[in-house]
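See below for the structure under consideration.
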Amino acid sequence: MSTEPKQDQFGDLFDALDTDGDKTVTWADYQRLVDRYLSGYGLAASEPRAQAVREAYESLWQKLAQASQDEPLDRDRFVAAMHSASEDRSRSNAAEAVAEAVFDLLDEARDGRISQAEFLVYTNALGAREEEARKRFAHVDTDGDGYISREEFVLSARQFLFGDDLDSPGGFVFGVV
């Protein structure tokens, strides 16, 4: 597998996270993403779903900071650290844990699946256009049943992390719109 697509995808993720435009990604950038989720869902920080999302992103952030040896995460360091963190199979994968926590956030009905309406709330919180969000929903709903299962959702994140498809819809799991 070529590393160039990963650099492009993780570079896109860097661009999405660097919301203050300082050319680095810090915990503050991740905190702003978490805050967008909480605001979009009207959740208090103390609610269990909010805590789970924050903890998942904190765990990912810790792995990124560790992989970069606590150096500031400019674009190149971020791509390298994200590559390292996403492919760490020695224990629980922090990047996939984010996908699991985000799935639980989206599954407002608590029925083990994400409806298109639930998905649109999420993508709206991220600032995605509805037309693009509907396309992504259809792409992730691989069995065409009108819902995204946990397996489909996590698989879309894995495809973003490990696949070569630059248009992988799984990037939205990590904030790429």
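Starting from 1 in every chain, residues are counted up; chains themselves are A, B, ... following the order of the structure tokens, and ligands are numbered from 1 as listed.
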
Legend entry - For Phe119 (chain A): contacts at 8 Å, only C-alpha atoms, fewer than 6 positions along chain excluded, given as a list in words: Leu106, Ala133 and Phe137 of chain A

Now that the selection is made, can you save its residues with C-alpha atoms as a CSV table (one decimal), in the first residue's frame?
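Done, and the output landed in out04.csv:
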```csv
chain,number,residue,atom,x,y,z
A,106,LEU,CA,-24.9,9.7,16.6
A,133,ALA,CA,-23.8,14.3,3.7
A,137,PHE,CA,-24.5,8.3,4.2
```

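The residues of chain A that DSSP assigns to strand (DSSP E or B) on this backbone come out as Val25, Leu73, Arg113, Ile114, Ser115, Tyr147, Ile148 and Ser149 of chain A.
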
File dump, residues just selected, N, CA and C atoms, as an mmCIF file, in the first residue's frame:
```
data_model
loop_
_atom_site.group_PDB
_atom_site.id
_atom_site.type_symbol
_atom_site.label_atom_id
_atom_site.label_comp_id
_atom_site.auth_asym_id
_atom_site.auth_seq_id
_atom_site.Cartn_x
_atom_site.Cartn_y
_atom_site.Cartn_z
ATOM 1 N N VAL A 25 -1.543 21.338 15.042
ATOM 2 C CA VAL A 25 -2.706 20.751 15.688
ATOM 3 C C VAL A 25 -2.327 20.500 17.138
ATOM 4 N N LEU A 73 2.763 19.602 16.657
ATOM 5 C CA LEU A 73 2.300 18.817 15.520
ATOM 6 C C LEU A 73 2.009 19.718 14.325
ATOM 7 N N ARG A 113 -28.044 1.530 15.448
ATOM 8 C CA ARG A 113 -27.893 1.926 14.047
ATOM 9 C C ARG A 113 -28.125 3.434 13.946
ATOM 10 N N ILE A 114 -27.610 3.993 12.867
ATOM 11 C CA ILE A 114 -27.723 5.428 12.636
ATOM 12 C C ILE A 114 -28.655 5.644 11.450
ATOM 13 N N SER A 115 -29.724 6.370 11.682
ATOM 14 C CA SER A 115 -30.639 6.712 10.594
ATOM 15 C C SER A 115 -30.036 7.876 9.803
ATOM 16 N N TYR A 147 -29.890 2.435 7.009
ATOM 17 C CA TYR A 147 -29.260 2.714 8.300
ATOM 18 C C TYR A 147 -27.778 2.379 8.208
ATOM 19 N N ILE A 148 -26.994 3.031 9.049
ATOM 20 C CA ILE A 148 -25.580 2.691 9.170
ATOM 21 C C ILE A 148 -25.425 1.906 10.469
ATOM 22 N N SER A 149 -24.957 0.679 10.336
ATOM 23 C CA SER A 149 -24.700 -0.146 11.519
ATOM 24 C C SER A 149 -23.363 0.266 12.134
#
```

Legend entry - Point-to-point distance in Å for CA of Gln9 (chain A) and CA of Tyr37 (chain A):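 Straight-line distance from CA of Tyr37 (chain A) to CA of Gln9 (chain A) works out to 21.4 Å.
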
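Near Leu161 (chain A), within 10 Å and counting only C-alpha atoms, sit Pro5, Lys6, Gln9, Phe10, Met82, His83, Ala85, Ser86, Glu87, Ala95, Glu96, Leu155, Ser156, Ala157, Asp165, Ser168, Gly170, Gly171 and Phe174 of chain A; same-chain residues fewer than 4 positions away were not included.
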
I need the chosen residues saved as a tab-separated table (two decimals), in the first residue's frame, with N, CA, C and O atoms.
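Written file, part-v7.tsv:
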```tsv
chain	number	residue	atom	x	y	z
A	5	PRO	N	-1.37	8.21	-0.39
A	5	PRO	CA	-2.77	8.50	-0.06
A	5	PRO	C	-2.97	8.81	1.41
A	5	PRO	O	-3.75	9.68	1.77
A	6	LYS	N	-2.27	8.13	2.30
A	6	LYS	CA	-2.41	8.40	3.72
A	6	LYS	C	-1.96	9.82	4.02
A	6	LYS	O	-2.57	10.51	4.81
A	9	GLN	N	-4.80	12.00	2.93
A	9	GLN	CA	-5.96	11.91	3.81
A	9	GLN	C	-5.66	12.50	5.17
A	9	GLN	O	-6.46	13.25	5.73
A	10	PHE	N	-4.52	12.17	5.74
A	10	PHE	CA	-4.18	12.72	7.04
A	10	PHE	C	-3.86	14.21	6.94
A	10	PHE	O	-4.07	14.96	7.88
A	82	MET	N	-0.26	10.45	13.16
A	82	MET	CA	-1.55	9.83	12.88
A	82	MET	C	-1.34	8.47	12.24
A	82	MET	O	-2.05	7.51	12.57
A	83	HIS	N	-0.39	8.39	11.35
A	83	HIS	CA	-0.07	7.11	10.71
A	83	HIS	C	0.35	6.10	11.77
A	83	HIS	O	-0.15	4.97	11.79
A	85	ALA	N	-0.24	6.19	15.10
A	85	ALA	CA	-1.33	5.89	16.04
A	85	ALA	C	-2.40	5.02	15.42
A	85	ALA	O	-2.94	4.14	16.08
A	86	SER	N	-2.72	5.26	14.17
A	86	SER	CA	-3.80	4.49	13.55
A	86	SER	C	-3.41	3.06	13.26
A	86	SER	O	-4.26	2.18	13.21
A	87	GLU	N	-2.12	2.81	13.09
A	87	GLU	CA	-1.68	1.46	12.77
A	87	GLU	C	-1.17	0.70	13.98
A	87	GLU	O	-0.74	-0.44	13.85
A	95	ALA	N	-7.63	5.41	17.39
A	95	ALA	CA	-8.38	5.98	16.27
A	95	ALA	C	-9.71	5.26	16.09
A	95	ALA	O	-10.75	5.88	15.85
A	96	GLU	N	-9.70	3.94	16.22
A	96	GLU	CA	-10.96	3.20	16.09
A	96	GLU	C	-11.86	3.44	17.30
A	96	GLU	O	-13.08	3.41	17.17
A	155	LEU	N	-16.08	0.39	9.94
A	155	LEU	CA	-15.41	0.02	8.70
A	155	LEU	C	-15.08	1.25	7.87
A	155	LEU	O	-14.00	1.34	7.28
A	156	SER	N	-15.98	2.23	7.81
A	156	SER	CA	-15.70	3.44	7.03
A	156	SER	C	-14.51	4.18	7.62
A	156	SER	O	-13.68	4.72	6.88
A	157	ALA	N	-14.40	4.19	8.95
A	157	ALA	CA	-13.24	4.82	9.59
A	157	ALA	C	-11.97	4.04	9.26
A	157	ALA	O	-10.93	4.63	8.96
A	165	ASP	N	-8.31	4.94	-0.82
A	165	ASP	CA	-9.36	5.73	-1.45
A	165	ASP	C	-9.35	7.14	-0.86
A	165	ASP	O	-9.73	7.36	0.28
A	168	SER	N	-12.61	8.46	0.57
A	168	SER	CA	-13.26	7.62	1.58
A	168	SER	C	-14.14	8.48	2.48
A	168	SER	O	-13.69	9.47	3.04
A	170	GLY	N	-15.14	7.84	5.31
A	170	GLY	CA	-14.83	7.63	6.72
A	170	GLY	C	-14.08	8.77	7.37
A	170	GLY	O	-13.98	8.83	8.59
A	171	GLY	N	-13.57	9.70	6.59
A	171	GLY	CA	-12.88	10.84	7.16
A	171	GLY	C	-13.78	11.70	8.04
A	171	GLY	O	-13.31	12.34	8.98
A	174	PHE	N	-13.57	11.54	11.78
A	174	PHE	CA	-12.52	12.28	12.45
A	174	PHE	C	-12.64	13.79	12.25
A	174	PHE	O	-11.75	14.54	12.63
```

Inset, instruction - Just the alpha helix (DSSP H) stuff from region 138-169 of chain A, please, per backbone DSSP, written as a ChimeraX atom specification. - result: /A:138-140,150-162

Legend entry - Minimum-distance residue to Glu55 (chain A), chosen among A:Ala109, A:Leu120, A:Val34, A:Val140 (using only C-alpha atoms):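 Result for the nearest residue to Glu55 (chain A): A:Val34.
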
Inset, instruction - Can you work out the spacing between CA of Trp61 (chain A) and CA of Ala99 (chain A) in Å, to one decimal? - result: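 Straight-line distance from CA of Trp61 (chain A) to CA of Ala99 (chain A) works out to 14.0 Å.
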
Legend entry - Counting only C-alpha atoms, the residue of A:Asp76, A:Asp20, A:Asp12, A:Glu100 that sits nearest Arg49 (chain A):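 Looking only at the distances to Arg49 (chain A), the closest residue turns out to be A:Glu100.
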
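When only C-alpha atoms are used to measure the gap to Leu17 (chain A), the shortest distance among A:Val154, A:Ala138, A:Leu126, A:Ala45 belongs to A:Leu126.
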
Inset, instruction - Might you pull out every residue within 9 Å of Gln31 (chain A), with only C-alpha atoms counted and same-chain residues fewer than 5 positions away left off, and present them as a list in words? - result: Thr26, Arg36, Arg54, Tyr57 and Glu58 of chain A

Inset, instruction - For Phe14 (chain A), list every protein, DNA or RNA residue within 9 Å, evaluated using only C-alpha atoms, and leave out those in the same chain fewer than 5 positions away; present the list as a VMD selection string. - result: chain A and resid 9 23 to 25 74 to 75 78 to 79 176

Can you write out the residues you just picked, keeping all heavy atoms, as a PDB file, in the first residue's frame?
```
ATOM      1  N   GLN A   9      -4.800  11.999   2.928  1.00  0.00           N
ATOM      2  CA  GLN A   9      -5.965  11.910   3.810  1.00  0.00           C
ATOM      3  C   GLN A   9      -5.659  12.503   5.174  1.00  0.00           C
ATOM      4  O   GLN A   9      -6.461  13.254   5.725  1.00  0.00           O
ATOM      5  CB  GLN A   9      -6.421  10.458   3.946  1.00  0.00           C
ATOM      6  CG  GLN A   9      -7.104   9.970   2.680  1.00  0.00           C
ATOM      7  CD  GLN A   9      -7.203   8.473   2.643  1.00  0.00           C
ATOM      8  OE1 GLN A   9      -6.198   7.791   2.549  1.00  0.00           O
ATOM      9  NE2 GLN A   9      -8.413   7.975   2.719  1.00  0.00           N
ATOM     10  N   LYS A  23      -1.165  26.526  11.864  1.00  0.00           N
ATOM     11  CA  LYS A  23      -0.305  25.546  11.182  1.00  0.00           C
ATOM     12  C   LYS A  23       0.198  24.447  12.111  1.00  0.00           C
ATOM     13  O   LYS A  23       1.186  23.773  11.831  1.00  0.00           O
ATOM     14  CB  LYS A  23       0.888  26.224  10.488  1.00  0.00           C
ATOM     15  CG  LYS A  23       0.501  27.319   9.528  1.00  0.00           C
ATOM     16  CD  LYS A  23      -0.195  26.764   8.322  1.00  0.00           C
ATOM     17  CE  LYS A  23      -0.422  27.888   7.324  1.00  0.00           C
ATOM     18  NZ  LYS A  23      -1.638  27.765   6.579  1.00  0.00           N
ATOM     19  N   THR A  24      -0.488  24.257  13.244  1.00  0.00           N
ATOM     20  CA  THR A  24      -0.217  23.132  14.138  1.00  0.00           C
ATOM     21  C   THR A  24      -1.560  22.590  14.618  1.00  0.00           C
ATOM     22  O   THR A  24      -2.576  23.287  14.597  1.00  0.00           O
ATOM     23  CB  THR A  24       0.617  23.518  15.377  1.00  0.00           C
ATOM     24  OG1 THR A  24      -0.099  24.450  16.163  1.00  0.00           O
ATOM     25  CG2 THR A  24       1.975  24.077  14.985  1.00  0.00           C
ATOM     26  N   VAL A  25      -1.543  21.338  15.042  1.00  0.00           N
ATOM     27  CA  VAL A  25      -2.706  20.751  15.688  1.00  0.00           C
ATOM     28  C   VAL A  25      -2.327  20.500  17.138  1.00  0.00           C
ATOM     29  O   VAL A  25      -1.274  19.923  17.429  1.00  0.00           O
ATOM     30  CB  VAL A  25      -3.149  19.438  14.999  1.00  0.00           C
ATOM     31  CG1 VAL A  25      -4.179  18.700  15.822  1.00  0.00           C
ATOM     32  CG2 VAL A  25      -3.709  19.737  13.609  1.00  0.00           C
ATOM     33  N   ASP A  74       3.082  20.018  13.564  1.00  0.00           N
ATOM     34  CA  ASP A  74       2.870  20.673  12.287  1.00  0.00           C
ATOM     35  C   ASP A  74       2.322  19.607  11.340  1.00  0.00           C
ATOM     36  O   ASP A  74       2.116  18.459  11.733  1.00  0.00           O
ATOM     37  CB  ASP A  74       4.160  21.322  11.773  1.00  0.00           C
ATOM     38  CG  ASP A  74       5.290  20.334  11.503  1.00  0.00           C
ATOM     39  OD1 ASP A  74       5.055  19.107  11.444  1.00  0.00           O
ATOM     40  OD2 ASP A  74       6.435  20.793  11.344  1.00  0.00           O
ATOM     41  N   ARG A  75       2.075  19.968  10.115  1.00  0.00           N
ATOM     42  CA  ARG A  75       1.438  19.038   9.172  1.00  0.00           C
ATOM     43  C   ARG A  75       2.214  17.722   9.036  1.00  0.00           C
ATOM     44  O   ARG A  75       1.641  16.652   9.131  1.00  0.00           O
ATOM     45  CB  ARG A  75       1.264  19.718   7.818  1.00  0.00           C
ATOM     46  CG  ARG A  75       0.487  18.889   6.822  1.00  0.00           C
ATOM     47  CD  ARG A  75       0.456  19.619   5.463  1.00  0.00           C
ATOM     48  NE  ARG A  75      -0.480  18.996   4.597  1.00  0.00           N
ATOM     49  CZ  ARG A  75      -1.759  19.327   4.476  1.00  0.00           C
ATOM     50  NH1 ARG A  75      -2.258  20.311   5.196  1.00  0.00           N
ATOM     51  NH2 ARG A  75      -2.545  18.701   3.640  1.00  0.00           N
ATOM     52  N   PHE A  78       2.100  15.702  12.246  1.00  0.00           N
ATOM     53  CA  PHE A  78       0.748  15.181  12.454  1.00  0.00           C
ATOM     54  C   PHE A  78       0.511  13.961  11.572  1.00  0.00           C
ATOM     55  O   PHE A  78       0.005  12.941  12.039  1.00  0.00           O
ATOM     56  CB  PHE A  78      -0.305  16.255  12.165  1.00  0.00           C
ATOM     57  CG  PHE A  78      -1.712  15.741  12.283  1.00  0.00           C
ATOM     58  CD1 PHE A  78      -2.335  15.676  13.516  1.00  0.00           C
ATOM     59  CD2 PHE A  78      -2.408  15.310  11.164  1.00  0.00           C
ATOM     60  CE1 PHE A  78      -3.632  15.183  13.642  1.00  0.00           C
ATOM     61  CE2 PHE A  78      -3.703  14.817  11.269  1.00  0.00           C
ATOM     62  CZ  PHE A  78      -4.314  14.756  12.517  1.00  0.00           C
ATOM     63  N   VAL A  79       0.856  14.055  10.296  1.00  0.00           N
ATOM     64  CA  VAL A  79       0.661  12.931   9.375  1.00  0.00           C
ATOM     65  C   VAL A  79       1.423  11.713   9.879  1.00  0.00           C
ATOM     66  O   VAL A  79       0.870  10.610   9.935  1.00  0.00           O
ATOM     67  CB  VAL A  79       1.082  13.312   7.934  1.00  0.00           C
ATOM     68  CG1 VAL A  79       1.165  12.092   7.037  1.00  0.00           C
ATOM     69  CG2 VAL A  79       0.102  14.336   7.352  1.00  0.00           C
ATOM     70  N   VAL A 176     -13.348  15.402   9.113  1.00  0.00           N
ATOM     71  CA  VAL A 176     -13.114  15.889   7.751  1.00  0.00           C
ATOM     72  C   VAL A 176     -14.459  15.989   7.041  1.00  0.00           C
ATOM     73  O   VAL A 176     -15.162  14.997   6.920  1.00  0.00           O
ATOM     74  CB  VAL A 176     -12.174  14.950   6.968  1.00  0.00           C
ATOM     75  CG1 VAL A 176     -11.995  15.439   5.543  1.00  0.00           C
ATOM     76  CG2 VAL A 176     -10.829  14.830   7.654  1.00  0.00           C
TER      77      VAL A 176
END
```

Inset, instruction - Could you give me, as a list in words, the residues within 12 Å of Glu108 (chain A), counting only C-alpha atoms and dropping anything in the same chain fewer than 3 positions from it? - result: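 Near Glu108 (chain A), the qualifying residues are Tyr41, Gly42, Leu43, Arg49, Val102, Phe103, Asp104, Leu105, Asp111, Gly112, Arg113, Ile114, Ser115, Gln116, Ala117, Glu118, Phe119, Val121 and Tyr122 of chain A.
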
I need the chosen residues saved as a PDB file, in the first residue's frame, with N, CA, C and O atoms.
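Result saved to selection-v7.pdb:
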```pdb
ATOM      1  N   TYR A  41     -25.347  18.611  19.261  1.00  0.00           N
ATOM      2  CA  TYR A  41     -26.279  17.668  19.874  1.00  0.00           C
ATOM      3  C   TYR A  41     -26.930  18.213  21.137  1.00  0.00           C
ATOM      4  O   TYR A  41     -27.728  17.531  21.764  1.00  0.00           O
ATOM      5  N   GLY A  42     -26.587  19.432  21.505  1.00  0.00           N
ATOM      6  CA  GLY A  42     -27.166  20.023  22.697  1.00  0.00           C
ATOM      7  C   GLY A  42     -26.829  19.236  23.960  1.00  0.00           C
ATOM      8  O   GLY A  42     -27.667  19.126  24.859  1.00  0.00           O
ATOM      9  N   LEU A  43     -25.621  18.704  24.017  1.00  0.00           N
ATOM     10  CA  LEU A  43     -25.212  17.879  25.156  1.00  0.00           C
ATOM     11  C   LEU A  43     -24.381  18.682  26.145  1.00  0.00           C
ATOM     12  O   LEU A  43     -23.522  19.473  25.748  1.00  0.00           O
ATOM     13  N   ARG A  49     -22.517  10.344  26.938  1.00  0.00           N
ATOM     14  CA  ARG A  49     -22.096  10.314  25.523  1.00  0.00           C
ATOM     15  C   ARG A  49     -21.044  11.380  25.259  1.00  0.00           C
ATOM     16  O   ARG A  49     -20.094  11.162  24.513  1.00  0.00           O
ATOM     17  N   VAL A 102     -17.990   8.048  18.556  1.00  0.00           N
ATOM     18  CA  VAL A 102     -18.790   8.918  17.685  1.00  0.00           C
ATOM     19  C   VAL A 102     -20.060   8.182  17.246  1.00  0.00           C
ATOM     20  O   VAL A 102     -21.136   8.779  17.183  1.00  0.00           O
ATOM     21  N   PHE A 103     -19.948   6.882  16.978  1.00  0.00           N
ATOM     22  CA  PHE A 103     -21.144   6.107  16.631  1.00  0.00           C
ATOM     23  C   PHE A 103     -22.174   6.227  17.752  1.00  0.00           C
ATOM     24  O   PHE A 103     -23.352   6.479  17.497  1.00  0.00           O
ATOM     25  N   ASP A 104     -21.736   6.034  18.989  1.00  0.00           N
ATOM     26  CA  ASP A 104     -22.663   6.119  20.119  1.00  0.00           C
ATOM     27  C   ASP A 104     -23.284   7.511  20.242  1.00  0.00           C
ATOM     28  O   ASP A 104     -24.443   7.647  20.632  1.00  0.00           O
ATOM     29  N   LEU A 105     -22.519   8.537  19.878  1.00  0.00           N
ATOM     30  CA  LEU A 105     -23.054   9.893  19.888  1.00  0.00           C
ATOM     31  C   LEU A 105     -24.168  10.039  18.854  1.00  0.00           C
ATOM     32  O   LEU A 105     -25.235  10.588  19.137  1.00  0.00           O
ATOM     33  N   ASP A 111     -30.617   2.413  19.163  1.00  0.00           N
ATOM     34  CA  ASP A 111     -31.102   1.167  18.568  1.00  0.00           C
ATOM     35  C   ASP A 111     -30.000   0.419  17.817  1.00  0.00           C
ATOM     36  O   ASP A 111     -30.262  -0.518  17.074  1.00  0.00           O
ATOM     37  N   GLY A 112     -28.747   0.847  18.003  1.00  0.00           N
ATOM     38  CA  GLY A 112     -27.626   0.147  17.383  1.00  0.00           C
ATOM     39  C   GLY A 112     -27.433   0.455  15.914  1.00  0.00           C
ATOM     40  O   GLY A 112     -26.731  -0.273  15.220  1.00  0.00           O
ATOM     41  N   ARG A 113     -28.044   1.530  15.448  1.00  0.00           N
ATOM     42  CA  ARG A 113     -27.893   1.926  14.047  1.00  0.00           C
ATOM     43  C   ARG A 113     -28.125   3.434  13.946  1.00  0.00           C
ATOM     44  O   ARG A 113     -28.742   4.042  14.817  1.00  0.00           O
ATOM     45  N   ILE A 114     -27.610   3.993  12.867  1.00  0.00           N
ATOM     46  CA  ILE A 114     -27.723   5.428  12.636  1.00  0.00           C
ATOM     47  C   ILE A 114     -28.655   5.644  11.450  1.00  0.00           C
ATOM     48  O   ILE A 114     -28.393   5.154  10.346  1.00  0.00           O
ATOM     49  N   SER A 115     -29.724   6.370  11.682  1.00  0.00           N
ATOM     50  CA  SER A 115     -30.639   6.712  10.594  1.00  0.00           C
ATOM     51  C   SER A 115     -30.036   7.876   9.803  1.00  0.00           C
ATOM     52  O   SER A 115     -29.115   8.555  10.265  1.00  0.00           O
ATOM     53  N   GLN A 116     -30.592   8.114   8.629  1.00  0.00           N
ATOM     54  CA  GLN A 116     -30.108   9.245   7.844  1.00  0.00           C
ATOM     55  C   GLN A 116     -30.358  10.559   8.592  1.00  0.00           C
ATOM     56  O   GLN A 116     -29.508  11.449   8.572  1.00  0.00           O
ATOM     57  N   ALA A 117     -31.478  10.670   9.284  1.00  0.00           N
ATOM     58  CA  ALA A 117     -31.772  11.887  10.048  1.00  0.00           C
ATOM     59  C   ALA A 117     -30.729  12.096  11.150  1.00  0.00           C
ATOM     60  O   ALA A 117     -30.254  13.215  11.360  1.00  0.00           O
ATOM     61  N   GLU A 118     -30.364  11.020  11.845  1.00  0.00           N
ATOM     62  CA  GLU A 118     -29.336  11.124  12.888  1.00  0.00           C
ATOM     63  C   GLU A 118     -27.990  11.523  12.276  1.00  0.00           C
ATOM     64  O   GLU A 118     -27.255  12.346  12.835  1.00  0.00           O
ATOM     65  N   PHE A 119     -27.688  10.954  11.132  1.00  0.00           N
ATOM     66  CA  PHE A 119     -26.442  11.254  10.443  1.00  0.00           C
ATOM     67  C   PHE A 119     -26.389  12.713  10.006  1.00  0.00           C
ATOM     68  O   PHE A 119     -25.359  13.376  10.123  1.00  0.00           O
ATOM     69  N   VAL A 121     -27.842  15.281  11.399  1.00  0.00           N
ATOM     70  CA  VAL A 121     -27.593  16.140  12.567  1.00  0.00           C
ATOM     71  C   VAL A 121     -26.089  16.249  12.792  1.00  0.00           C
ATOM     72  O   VAL A 121     -25.537  17.334  13.018  1.00  0.00           O
ATOM     73  N   TYR A 122     -25.418  15.121  12.731  1.00  0.00           N
ATOM     74  CA  TYR A 122     -23.972  15.068  12.943  1.00  0.00           C
ATOM     75  C   TYR A 122     -23.219  15.860  11.878  1.00  0.00           C
ATOM     76  O   TYR A 122     -22.361  16.693  12.194  1.00  0.00           O
TER      77      TYR A 122
END
```

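Using only C-alpha atoms, the contacts of Leu60 (chain A) at a cut-off of 7 Å, with sequence neighbours closer than 4 positions omitted, comprise Ala56, Leu64, Ala94 and Ala95 of chain A.
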